[in-house]
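Comments concern the structure below.
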Amino acid sequence: MKRFLFTLVVLAMSVVTMAGNFVMLSYSGRAELEKHFSDPNLTVHFYTDSEVFATAARFDAGSMVMIDENAFSDNGCYTLVYCPKAQQQQFDALLSTQDYVIVKGSVMPYKNDGAVAIFNKKASLAKLTRDFPVVTEEDPRIREMLNQVNMDSLEATVQHLQDYGSRIWNSENAFASSDWIASRMEALGLEVEQQPFNANTWMGSGAAAPNVIGIQRGTLYPDTYVVCGSHFDSFSYEAMMGGGTAPGADDNATGVASVLESARIMTQYEFEYSIIYCAYGCEEMGLYGSEAYASRCQQQGMDIIGYFNNDMNGYLYGDQIHIDCIYPNAVEPIGTYYMNVGSVYYPELPIRHVNFNQGDSDHTSFNNHGYMGIYPFEDYQNYSPYIHTPNDLIGTSVNSFEMGQQYCQMNIACLAEIANPVGDTPVVECNPVVDFYIDYPVWKELSWLYLFWRTPEEGSTGELDHFDVYRDNEVIATIEFDPSIPDYGYEDTITVDVQAEYFIMAVYSDGCEAPSQTETGYGISAVDESESNVMAYPNPSNGTFNLNLGAGQWDVEVYDITGRKVYENRMDGRSVLDLGKCQKGVYFLKAIGESREVTAKVMVQ
């Protein structure tokens with residue numbers, strides 16, 4: 001009998017929970033938010049910067065707004081759709097506010113990243129007991145990492161994902177994207193998992209392309225983590241209708257590129273704390289992928305210090321790179337930390353905290369499951385107008401890989417300062433070019449010269465990427481490396497009677513650079529060939545020249561192309577000049593007589 005009564009009590013409690021009211025409560029400040037989370041009458045499911053959405057066992061009309069009297073009774077979720085007031089009539093809304101509506105079940109968003117699914121799960125408030133590092137000066141090991149962020153590498157990832165055409169959450173291309181990202185992470189030596197999950201969306205229900213989770217284990221604290229992530233799915237109405245594509249270059253191939261580039265660089269180092277690199281599926285339908293992972297992290301009690309989101313960092317509005325940080329005030333410490341890191345490593349980079357009421361991203365899933373998360377965004381007022389269209393492409397929607405590079409560098413700096421590098425900077429070695437020399441044209445008024453060099457020897461730690469040609473310590477040309485070409489050349493113009501210092505820099509994919517020796521180039525003026533041949537012949541010769549300078553004694557001097565004197569003698573105007581000991585090349589003869597001075601160019605071959 002007692003067991004029966006106990007069962008009735010449990011069932012009654014379950015019925016109360018299931019039959020509770022889905023409500024919204026406003027709050028102001030962290031203390032009031034904490035009261036909502038600790039209120040035994042409430043089960044909080046989701047919160048924004050000013051509202052809490054919860055199931056209430058007892059409804060209080062004085063403090064609550066009723067959304068649905070039977071919370072989650074006949075649907076798997078509610079959806080918060082960001083939408084301006086004037087456009088909200090298209091939704092069968094349970095609740096309307098100035099910036100969004102709440103609807104039952106899954107619905108098509110109004111635009112952009114405008115939907116967040118709210119599930120029947122208990123949310124957690126991020127604890128503020130953990131202190132983030134206070135950064136006062138650069139760590140040279142971290143600066144070495146930042147210098148390795150390569151814009152070509154970022155572009156290659158964006159191009160690959162763009163080339164799928166579309167990456168709709170449950171499409172073959174989305175699954176292929178997940179597999180490709182996993183293969184990239186595996187190649188870097190990470191512990192890689194593809195986390196399956198289902199989604200019940202307005203486009204249908206079923207298996208979504210799985211999340212990709214890559215773990216780099218810490219040496220001292222392997223069970224404490226710092227996390228960065230991005231979503232890889234894309235969306236456009238044209239693709240949904242079967243008449244167009246959703247290339248998703250800025251939204252969000254740029255974010256995936258930042259995560260993979262961070263992993264490429266940071267896996268070269270060891271850290272005290274573990275680092276997790278994530279790529280989520282089904283973000284565009286309501287943050288399903290990150291919700292699945294963050295919820296699991298909470299259930300497993302994972303100790304996550306902070307989460308750094310990467311979503312849309314390739315569209316530059318105006319001419320100054322800047323970062324808009326989106327996060328709720330409840331997790332202010334991570335925002336302060338992000339700005340602290342920026343002030344030390346990139347003091348010239350404007351960073352500001354903003355509240356965004358037009359969309360959302362995967363940091364919200366972590367914030368709602370007890371972890372502090374932040375979302376560095378390209379511009380909350382002027383983000384790419386091409387996202388969720390077939391024009392979300394490199395060139396239109398992604399117009400600045402320099403901007404993507406800066407966002408990736410900030411991602412690495414924030415992760416590395418928390419994870420704490422172990423030991424010294426790894427040795428990075430690379431070889432310079434071989435046989436660099438300068439050659440000159442013959443028998444012309446010279447205002448140009450040739451630079452020649454050969455491919456470096458093997459043995460460098462990174463792969464050769466390109467050559468930079470330097471003149472007087474400034475880059476005047478970049479020559480891409482082609483493994484099928486052993487010899488390279490570059491023609492430069494130079495003013496007559498001017499000299500310049502040249503060298504070739506071999507640039508490698510790991511950031512290593514190796515300069516050649518420096519050579520001096522000259523802008524040289526020569527006399528006409530016919531006049532030269534009259535004064536010294538045969539010309540060119542093997543080093544023996546007959547001089548025909550005229551009567552009397554002459555002081556004869558010969559210089560090589562660097563201006564070094566290689567010969568001098570006093571001789572008759574009709575004599576033999578012997579340069580047989582000189583190397584092959586062009587030389588300049590100066591002869592001074594009693595009444596005149598003549599010059600000529602001769603060539604030893």
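Residue numbers start at 1 in each chain; chains themselves are named A, B, ... in the order of the structure tokens; ligands are numbered from 1 in the order shown.
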
| message | Applying 10 Å and only C-alpha atoms, which residues near Gln98 (chain A) remain after dropping the ones on its own chain fewer than 4 positions away? List them as a ChimeraX atom specification. | response | /A:82-86,88,357

Could you write out the selected residues, including all heavy atoms, as a short mmCIF file (atom, residue, chain, number, x, y, z; two decimals), in the first residue's frame?
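Ended up saving to again.cif:
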```
data_model
loop_
_atom_site.label_atom_id
_atom_site.label_comp_id
_atom_site.auth_asym_id
_atom_site.auth_seq_id
_atom_site.Cartn_x
_atom_site.Cartn_y
_atom_site.Cartn_z
N TYR A 82 13.46 35.66 -34.09
CA TYR A 82 13.76 37.09 -34.12
C TYR A 82 13.09 37.72 -35.34
O TYR A 82 13.31 37.30 -36.48
CB TYR A 82 15.27 37.31 -34.17
CG TYR A 82 15.97 36.93 -32.89
CD1 TYR A 82 16.57 35.68 -32.76
CD2 TYR A 82 16.01 37.80 -31.81
CE1 TYR A 82 17.22 35.31 -31.58
CE2 TYR A 82 16.64 37.44 -30.63
CZ TYR A 82 17.25 36.20 -30.53
OH TYR A 82 17.87 35.84 -29.35
N CYS A 83 12.26 38.73 -35.08
CA CYS A 83 11.48 39.33 -36.16
C CYS A 83 10.97 40.69 -35.70
O CYS A 83 10.46 40.82 -34.58
CB CYS A 83 10.29 38.43 -36.50
SG CYS A 83 9.23 39.04 -37.82
N PRO A 84 11.11 41.72 -36.52
CA PRO A 84 10.60 43.04 -36.12
C PRO A 84 9.08 43.03 -36.00
O PRO A 84 8.39 42.24 -36.65
CB PRO A 84 11.08 43.96 -37.25
CG PRO A 84 11.33 43.06 -38.42
CD PRO A 84 11.78 41.76 -37.84
N LYS A 85 8.57 43.92 -35.20
CA LYS A 85 7.14 43.95 -34.87
C LYS A 85 6.27 44.00 -36.12
O LYS A 85 5.24 43.31 -36.21
CB LYS A 85 6.85 45.17 -33.98
CG LYS A 85 5.51 45.14 -33.30
CD LYS A 85 5.49 44.13 -32.17
CE LYS A 85 4.21 44.22 -31.36
NZ LYS A 85 4.15 43.22 -30.28
N ALA A 86 6.67 44.77 -37.11
CA ALA A 86 5.84 44.97 -38.30
C ALA A 86 5.69 43.70 -39.14
O ALA A 86 4.78 43.61 -39.97
CB ALA A 86 6.43 46.09 -39.17
N GLN A 88 5.52 40.48 -37.78
CA GLN A 88 5.20 39.34 -36.94
C GLN A 88 3.85 38.71 -37.25
O GLN A 88 3.55 37.61 -36.76
CB GLN A 88 5.26 39.76 -35.46
CG GLN A 88 6.66 40.09 -34.99
CD GLN A 88 6.71 40.56 -33.54
OE1 GLN A 88 5.69 40.54 -32.83
NE2 GLN A 88 7.88 40.97 -33.09
N ASN A 357 19.77 41.81 -31.21
CA ASN A 357 18.36 41.39 -31.15
C ASN A 357 17.83 40.97 -32.51
O ASN A 357 16.63 41.01 -32.75
CB ASN A 357 17.50 42.52 -30.58
CG ASN A 357 17.58 43.80 -31.41
OD1 ASN A 357 18.25 43.84 -32.44
ND2 ASN A 357 16.88 44.83 -30.96
#
```

| task | Per DSSP on the backbone, filter region 135-301 of chain A down to the residues in strand (DSSP E) and report them as an MDAnalysis selection string. | result | chainID A and resid 191:195 198:201 204:207 211:216 221:231 270:271 273:280

| message | Show me, as a VMD selection string, the residues that have an atom within 12 Å of region 351-356 of chain A when counting only C-alpha atoms, minus same-chain residues fewer than 5 positions from it. | response | chain A and resid 48 to 50 82 99 to 100 113 to 114 320 to 329 331 to 343 346 361 364 374 to 383 406 to 407 410

Go ahead and write the residues just picked, N, CA and C atoms, as a short mmCIF file (atom, residue, chain, number, x, y, z; two decimals), in the first residue's frame.
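Result saved to result_17.cif:
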```cif
data_model
loop_
_atom_site.label_atom_id
_atom_site.label_comp_id
_atom_site.auth_asym_id
_atom_site.auth_seq_id
_atom_site.Cartn_x
_atom_site.Cartn_y
_atom_site.Cartn_z
N THR A 48 17.60 35.06 -22.11
CA THR A 48 18.25 36.08 -22.92
C THR A 48 18.85 37.11 -21.98
N ASP A 49 19.17 38.27 -22.51
CA ASP A 49 19.79 39.29 -21.68
C ASP A 49 18.80 40.00 -20.77
N SER A 50 17.49 39.76 -20.99
CA SER A 50 16.52 40.44 -20.13
C SER A 50 15.30 39.59 -19.79
N TYR A 82 13.46 35.66 -34.09
CA TYR A 82 13.76 37.09 -34.12
C TYR A 82 13.09 37.72 -35.34
N ASP A 99 10.94 42.57 -30.55
CA ASP A 99 12.00 42.02 -31.39
C ASP A 99 11.82 40.56 -31.80
N TYR A 100 10.91 39.83 -31.16
CA TYR A 100 10.79 38.41 -31.47
C TYR A 100 9.40 37.90 -31.13
N ASP A 113 20.03 34.28 -39.17
CA ASP A 113 20.11 33.32 -38.07
C ASP A 113 19.07 33.70 -37.04
N GLY A 114 17.80 33.56 -37.41
CA GLY A 114 16.74 34.16 -36.62
C GLY A 114 15.90 33.21 -35.83
N GLN A 320 37.91 49.69 -41.60
CA GLN A 320 38.63 49.35 -40.37
C GLN A 320 38.11 48.04 -39.82
N ILE A 321 39.01 47.08 -39.66
CA ILE A 321 38.65 45.81 -39.05
C ILE A 321 38.29 46.05 -37.58
N HIS A 322 37.21 45.45 -37.14
CA HIS A 322 36.76 45.63 -35.77
C HIS A 322 36.01 44.37 -35.36
N ILE A 323 35.73 44.23 -34.07
CA ILE A 323 35.03 43.05 -33.56
C ILE A 323 33.89 43.51 -32.65
N ASP A 324 32.69 43.02 -32.93
CA ASP A 324 31.54 43.23 -32.06
C ASP A 324 31.33 41.96 -31.24
N CYS A 325 31.46 42.06 -29.93
CA CYS A 325 31.32 40.89 -29.06
C CYS A 325 29.89 40.78 -28.55
N ILE A 326 29.27 39.65 -28.84
CA ILE A 326 27.90 39.39 -28.41
C ILE A 326 27.92 38.37 -27.27
N TYR A 327 27.35 38.74 -26.16
CA TYR A 327 27.21 37.81 -25.03
C TYR A 327 26.25 38.44 -24.03
N PRO A 328 25.53 37.63 -23.25
CA PRO A 328 24.64 38.20 -22.24
C PRO A 328 25.45 38.77 -21.08
N ASN A 329 24.88 39.77 -20.43
CA ASN A 329 25.58 40.38 -19.30
C ASN A 329 25.88 39.39 -18.19
N VAL A 331 27.34 36.67 -18.34
CA VAL A 331 28.65 36.03 -18.48
C VAL A 331 29.71 37.08 -18.78
N GLU A 332 29.56 38.23 -18.17
CA GLU A 332 30.46 39.36 -18.43
C GLU A 332 31.94 39.04 -18.24
N PRO A 333 32.35 38.16 -17.28
CA PRO A 333 33.79 37.90 -17.10
C PRO A 333 34.49 37.42 -18.36
N ILE A 334 33.84 36.58 -19.17
CA ILE A 334 34.51 36.11 -20.38
C ILE A 334 34.63 37.23 -21.41
N GLY A 335 33.65 38.13 -21.43
CA GLY A 335 33.76 39.28 -22.31
C GLY A 335 34.90 40.20 -21.92
N THR A 336 35.04 40.43 -20.61
CA THR A 336 36.15 41.25 -20.12
C THR A 336 37.48 40.61 -20.46
N TYR A 337 37.54 39.28 -20.33
CA TYR A 337 38.77 38.55 -20.67
C TYR A 337 39.11 38.71 -22.14
N TYR A 338 38.12 38.57 -23.01
CA TYR A 338 38.37 38.69 -24.45
C TYR A 338 38.95 40.07 -24.78
N MET A 339 38.38 41.10 -24.21
CA MET A 339 38.86 42.45 -24.48
C MET A 339 40.24 42.68 -23.88
N ASN A 340 40.51 42.05 -22.73
CA ASN A 340 41.84 42.14 -22.13
C ASN A 340 42.90 41.53 -23.06
N VAL A 341 42.61 40.36 -23.61
CA VAL A 341 43.54 39.71 -24.54
C VAL A 341 43.77 40.59 -25.76
N GLY A 342 42.69 41.15 -26.30
CA GLY A 342 42.82 42.02 -27.46
C GLY A 342 43.66 43.24 -27.18
N SER A 343 43.53 43.83 -25.99
CA SER A 343 44.27 45.04 -25.66
C SER A 343 45.77 44.79 -25.57
N TYR A 346 46.57 42.89 -29.68
CA TYR A 346 46.17 43.73 -30.82
C TYR A 346 45.54 45.03 -30.30
N SER A 361 23.55 32.59 -32.13
CA SER A 361 24.51 31.61 -32.59
C SER A 361 24.85 30.64 -31.47
N THR A 364 25.08 30.63 -27.41
CA THR A 364 23.89 30.61 -26.56
C THR A 364 23.64 29.23 -25.97
N ILE A 374 31.07 33.30 -25.60
CA ILE A 374 31.12 34.62 -26.23
C ILE A 374 31.09 34.44 -27.74
N TYR A 375 30.58 35.46 -28.43
CA TYR A 375 30.42 35.40 -29.88
C TYR A 375 31.03 36.65 -30.52
N PRO A 376 32.30 36.62 -30.95
CA PRO A 376 32.88 37.72 -31.72
C PRO A 376 32.28 37.74 -33.13
N PHE A 377 31.72 38.87 -33.52
CA PHE A 377 30.90 38.97 -34.73
C PHE A 377 31.42 40.11 -35.61
N GLU A 378 31.22 39.99 -36.93
CA GLU A 378 31.81 40.95 -37.86
C GLU A 378 31.24 42.36 -37.72
N ASP A 379 29.93 42.49 -37.48
CA ASP A 379 29.34 43.81 -37.27
C ASP A 379 27.85 43.62 -37.03
N TYR A 380 27.37 43.94 -35.82
CA TYR A 380 25.98 43.63 -35.51
C TYR A 380 25.00 44.53 -36.26
N GLN A 381 25.47 45.66 -36.78
CA GLN A 381 24.60 46.55 -37.54
C GLN A 381 24.80 46.41 -39.05
N ASN A 382 25.99 46.00 -39.46
CA ASN A 382 26.32 45.95 -40.88
C ASN A 382 27.00 44.62 -41.23
N TYR A 383 26.36 43.52 -40.85
CA TYR A 383 26.89 42.21 -41.24
C TYR A 383 26.55 41.94 -42.70
N GLN A 406 42.52 38.11 -38.54
CA GLN A 406 42.53 38.78 -37.25
C GLN A 406 41.61 38.07 -36.25
N TYR A 407 40.43 37.66 -36.71
CA TYR A 407 39.51 36.93 -35.83
C TYR A 407 40.12 35.60 -35.39
N MET A 410 42.74 36.21 -32.73
CA MET A 410 42.13 36.45 -31.43
C MET A 410 41.61 35.15 -30.82
#
```

| query | With only C-alpha atoms as the basis for distance, which of A:Thr455, A:Gln583, A:Asn170, A:Gln87 is at the shortest distance from Ala514 (chain A)? | reply | A:Thr455

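Among the candidates A:Phe175, A:Phe53, A:Tyr437, A:Phe401, the residue lying nearest to Val158 (chain A) is A:Phe401 (atoms considered: only C-alpha atoms).
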
| query | What's the 8 Å shell around Ser258 (chain A), counting only C-alpha atoms, without same-chain residues fewer than 5 positions away, as a ChimeraX atom specification? | reply | /A:154,310,404-405,407-408,411

Next, write the just-selected residues to a file, as a CSV table (one decimal), in the first residue's frame, keeping N, CA, C and O atoms as the atom set.
```csv
chain,number,residue,atom,x,y,z
A,154,LEU,N,43.1,29.9,-44.7
A,154,LEU,CA,41.7,30.2,-44.4
A,154,LEU,C,40.8,30.2,-45.7
A,154,LEU,O,39.7,29.7,-45.7
A,310,ASN,N,32.8,31.0,-33.4
A,310,ASN,CA,33.4,31.5,-34.6
A,310,ASN,C,32.2,31.4,-35.7
A,310,ASN,O,31.9,30.3,-36.2
A,404,GLY,N,39.3,37.9,-41.5
A,404,GLY,CA,39.3,36.5,-40.9
A,404,GLY,C,40.5,36.1,-40.2
A,404,GLY,O,40.5,35.4,-39.2
A,405,GLN,N,41.7,36.5,-40.7
A,405,GLN,CA,43.0,36.3,-40.1
A,405,GLN,C,43.0,36.9,-38.7
A,405,GLN,O,43.4,36.2,-37.7
A,407,TYR,N,40.4,37.7,-36.7
A,407,TYR,CA,39.5,36.9,-35.8
A,407,TYR,C,40.1,35.6,-35.4
A,407,TYR,O,40.0,35.2,-34.2
A,408,CYS,N,40.8,34.9,-36.3
A,408,CYS,CA,41.4,33.6,-36.0
A,408,CYS,C,42.5,33.9,-35.0
A,408,CYS,O,42.7,33.1,-34.0
A,411,ASN,N,41.1,34.3,-31.6
A,411,ASN,CA,40.6,33.0,-31.1
A,411,ASN,C,41.7,32.2,-30.5
A,411,ASN,O,41.6,31.6,-29.4
```

| message | Set the distance at 6 Å and use only C-alpha atoms: which residues neighbour region 586-591 of chain A once local chain neighbours fewer than 4 positions away are removed? I'd like the list as a list of chain:residue names. | response | A:Asp555, A:Val556, A:Glu557, A:Val558, A:Tyr559, A:Asp560, A:Glu597, A:Val598, A:Thr599, A:Ala600, A:Lys601, A:Val602, A:Met603

Please dump the current selection as a compact mmCIF listing (two decimals), in the first residue's frame; keep C-alpha atoms.
```txt
# COMPACT_ATOMS: atom_id res chain seq x y z
CA ASP A 555 95.83 54.73 -67.29
CA VAL A 556 93.54 51.74 -67.76
CA GLU A 557 91.15 50.50 -65.01
CA VAL A 558 88.60 47.67 -65.22
CA TYR A 559 85.63 47.19 -62.84
CA ASP A 560 83.19 44.33 -62.40
CA GLU A 597 88.81 59.96 -70.87
CA VAL A 598 86.95 57.08 -72.52
CA THR A 599 84.84 54.21 -71.24
CA ALA A 600 83.73 50.92 -72.73
CA LYS A 601 81.97 47.77 -71.73
CA VAL A 602 83.65 44.43 -72.40
CA MET A 603 82.45 40.91 -71.87
```

| said: Which residues are near Asp303 (chain A)? Cut-off 9 Å, only C-alpha atoms, ignore same chain within fewer than 4 positions. Put them as a PyMOL selection string. | reply: chain A and resi 223-226+297-298+371

| message | Env of Lys127 (chain A): 12 Å cut, atoms = only C-alpha atoms, seq-sep filter 4 positions within chain, self excluded. Answer as a PyMOL selection string. | response | chain A and resi 30+34+37+131+303-306+330-334+367-373

Could you save the residues just selected, with all heavy atoms, as a short mmCIF file (atom, residue, chain, number, x, y, z; two decimals), in the first residue's frame?
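See result.cif below for the written result:
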```cif
data_model
loop_
_atom_site.label_atom_id
_atom_site.label_comp_id
_atom_site.auth_asym_id
_atom_site.auth_seq_id
_atom_site.Cartn_x
_atom_site.Cartn_y
_atom_site.Cartn_z
N ARG A 30 22.28 40.38 -12.64
CA ARG A 30 22.66 39.00 -12.34
C ARG A 30 21.95 38.48 -11.10
O ARG A 30 21.50 37.32 -11.08
CB ARG A 30 24.18 38.95 -12.14
CG ARG A 30 24.72 37.63 -11.63
CD ARG A 30 24.95 36.63 -12.70
NE ARG A 30 25.33 35.34 -12.15
CZ ARG A 30 25.87 34.33 -12.85
NH1 ARG A 30 26.09 34.50 -14.13
NH2 ARG A 30 26.18 33.21 -12.28
N GLU A 34 19.68 35.07 -10.94
CA GLU A 34 19.98 33.94 -10.06
C GLU A 34 18.76 33.52 -9.24
O GLU A 34 18.54 32.33 -8.98
CB GLU A 34 21.15 34.30 -9.14
CG GLU A 34 22.49 34.40 -9.87
CD GLU A 34 23.61 34.84 -8.95
OE1 GLU A 34 23.32 35.25 -7.81
OE2 GLU A 34 24.78 34.78 -9.38
N PHE A 37 16.60 31.26 -11.34
CA PHE A 37 17.17 29.91 -11.46
C PHE A 37 17.03 29.11 -10.17
O PHE A 37 16.92 27.88 -10.21
CB PHE A 37 18.64 29.99 -11.88
CG PHE A 37 18.86 30.00 -13.37
CD1 PHE A 37 18.84 31.19 -14.08
CD2 PHE A 37 19.06 28.82 -14.06
CE1 PHE A 37 19.03 31.21 -15.46
CE2 PHE A 37 19.26 28.82 -15.43
CZ PHE A 37 19.24 30.02 -16.13
N ASP A 131 38.13 32.29 -12.26
CA ASP A 131 38.81 33.50 -12.70
C ASP A 131 39.51 33.26 -14.02
O ASP A 131 40.24 32.27 -14.18
CB ASP A 131 39.85 33.96 -11.67
CG ASP A 131 39.20 34.42 -10.37
OD1 ASP A 131 38.08 34.94 -10.44
OD2 ASP A 131 39.83 34.24 -9.30
N ASP A 303 34.08 19.96 -17.13
CA ASP A 303 34.61 21.21 -16.59
C ASP A 303 35.13 22.05 -17.76
O ASP A 303 36.25 21.85 -18.24
CB ASP A 303 35.73 20.91 -15.60
CG ASP A 303 36.27 22.17 -14.93
OD1 ASP A 303 35.64 23.23 -15.08
OD2 ASP A 303 37.33 22.08 -14.28
N ILE A 304 34.31 22.99 -18.22
CA ILE A 304 34.65 23.86 -19.35
C ILE A 304 34.87 25.27 -18.83
O ILE A 304 33.96 25.87 -18.25
CB ILE A 304 33.55 23.83 -20.43
CG1 ILE A 304 33.46 22.43 -21.04
CG2 ILE A 304 33.83 24.86 -21.51
CD1 ILE A 304 32.33 22.27 -22.05
N ILE A 305 36.06 25.80 -19.05
CA ILE A 305 36.39 27.14 -18.55
C ILE A 305 35.66 28.21 -19.34
O ILE A 305 35.11 29.16 -18.76
CB ILE A 305 37.92 27.36 -18.62
CG1 ILE A 305 38.65 26.33 -17.76
CG2 ILE A 305 38.28 28.78 -18.20
CD1 ILE A 305 40.16 26.36 -17.92
N GLY A 306 35.64 28.08 -20.66
CA GLY A 306 34.99 29.08 -21.49
C GLY A 306 34.82 28.58 -22.90
O GLY A 306 35.52 27.65 -23.35
N ALA A 330 25.13 38.30 -18.15
CA ALA A 330 25.32 37.30 -17.09
C ALA A 330 26.67 36.61 -17.18
O ALA A 330 27.10 35.98 -16.21
CB ALA A 330 24.19 36.26 -17.15
N VAL A 331 27.34 36.67 -18.34
CA VAL A 331 28.65 36.03 -18.48
C VAL A 331 29.71 37.08 -18.78
O VAL A 331 30.66 36.83 -19.52
CB VAL A 331 28.62 34.93 -19.57
CG1 VAL A 331 27.66 33.82 -19.19
CG2 VAL A 331 28.24 35.52 -20.93
N GLU A 332 29.56 38.23 -18.17
CA GLU A 332 30.46 39.36 -18.43
C GLU A 332 31.94 39.04 -18.24
O GLU A 332 32.79 39.57 -18.96
CB GLU A 332 30.05 40.53 -17.53
CG GLU A 332 30.80 41.81 -17.78
CD GLU A 332 32.08 41.90 -16.96
OE1 GLU A 332 32.19 41.21 -15.92
OE2 GLU A 332 32.99 42.65 -17.37
N PRO A 333 32.35 38.16 -17.28
CA PRO A 333 33.79 37.90 -17.10
C PRO A 333 34.49 37.42 -18.36
O PRO A 333 35.64 37.79 -18.61
CB PRO A 333 33.82 36.85 -15.99
CG PRO A 333 32.60 37.13 -15.18
CD PRO A 333 31.56 37.53 -16.20
N ILE A 334 33.84 36.58 -19.17
CA ILE A 334 34.51 36.11 -20.38
C ILE A 334 34.63 37.23 -21.41
O ILE A 334 35.60 37.29 -22.17
CB ILE A 334 33.81 34.87 -20.97
CG1 ILE A 334 34.71 34.20 -22.03
CG2 ILE A 334 32.46 35.21 -21.57
CD1 ILE A 334 34.19 32.86 -22.54
N ASN A 367 25.93 29.01 -22.99
CA ASN A 367 25.48 29.87 -21.90
C ASN A 367 24.28 29.26 -21.18
O ASN A 367 24.15 29.38 -19.96
CB ASN A 367 25.11 31.26 -22.43
CG ASN A 367 26.34 32.07 -22.81
OD1 ASN A 367 27.40 31.92 -22.20
ND2 ASN A 367 26.20 32.94 -23.80
N ASN A 368 23.40 28.59 -21.92
CA ASN A 368 22.19 28.02 -21.32
C ASN A 368 22.43 26.67 -20.65
O ASN A 368 21.52 26.13 -20.05
CB ASN A 368 21.08 27.90 -22.36
CG ASN A 368 20.30 29.20 -22.51
OD1 ASN A 368 19.39 29.46 -21.74
ND2 ASN A 368 20.70 30.01 -23.46
N HIS A 369 23.66 26.16 -20.78
CA HIS A 369 23.97 24.90 -20.10
C HIS A 369 25.10 25.08 -19.09
O HIS A 369 25.82 24.14 -18.77
CB HIS A 369 24.31 23.81 -21.12
CG HIS A 369 23.10 23.29 -21.83
ND1 HIS A 369 22.18 22.45 -21.23
CD2 HIS A 369 22.61 23.53 -23.08
CE1 HIS A 369 21.20 22.17 -22.08
NE2 HIS A 369 21.44 22.82 -23.20
N GLY A 370 25.25 26.32 -18.61
CA GLY A 370 26.13 26.54 -17.47
C GLY A 370 27.55 26.91 -17.80
O GLY A 370 28.40 26.91 -16.90
N TYR A 371 27.85 27.24 -19.07
CA TYR A 371 29.21 27.58 -19.46
C TYR A 371 29.24 28.98 -20.05
O TYR A 371 28.35 29.36 -20.83
CB TYR A 371 29.72 26.58 -20.50
CG TYR A 371 29.65 25.14 -20.04
CD1 TYR A 371 28.79 24.24 -20.68
CD2 TYR A 371 30.42 24.68 -18.98
CE1 TYR A 371 28.71 22.92 -20.27
CE2 TYR A 371 30.35 23.36 -18.57
CZ TYR A 371 29.49 22.48 -19.22
OH TYR A 371 29.41 21.18 -18.80
N MET A 372 30.25 29.74 -19.70
CA MET A 372 30.37 31.10 -20.24
C MET A 372 30.83 31.04 -21.69
O MET A 372 31.88 30.47 -21.99
CB MET A 372 31.33 31.92 -19.39
CG MET A 372 30.72 32.40 -18.08
SD MET A 372 31.77 33.54 -17.17
CE MET A 372 32.78 32.38 -16.27
N GLY A 373 30.04 31.64 -22.58
CA GLY A 373 30.36 31.65 -24.00
C GLY A 373 30.26 33.04 -24.58
O GLY A 373 29.45 33.86 -24.14
#
```

| task | May I have all residues of region 438-571 of chain A that DSSP, computed from the backbone, assigns to helix (DSSP H, G or I), given as a ChimeraX atom specification? | result | /A:529-535

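Each of A:Trp202, A:Tyr221, A:Trp448, A:Tyr490 was compared to Phe271 (chain A) using only C-alpha atoms, and A:Tyr221 turns out to be the nearest.
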
| What is the distance between CA of Ile142 (chain A) and CA of Val507 (chain A), in Å to one decimal? | 20.1 Å

| field | Separation of CA of Ala182 (chain A) from CA of Ser230 (chain A), in Å and rounded to one decimal | value |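 Those two atoms sit 13.4 Å apart.
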
| query | Which of these residues is nearest to Ile181 (chain A), using only C-alpha atoms: A:Leu146, A:Ala246, A:Val116, A:Ala257? | reply |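 Ranked by minimum distance to Ile181 (chain A), first place goes to A:Ala257.
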
| request: Report the distance between CA of Leu577 (chain A) and CA of Arg564 (chain A) in Å, rounded to one decimal place. | output: 17.6 Å

| field | Nearest to Gln216 (chain A) by atom-to-atom distance, counting only C-alpha atoms, from A:Arg58, A:Arg596, A:Arg264, A:Lys35 | value |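 Using only C-alpha atoms, Gln216 (chain A) sits closest to A:Arg264.
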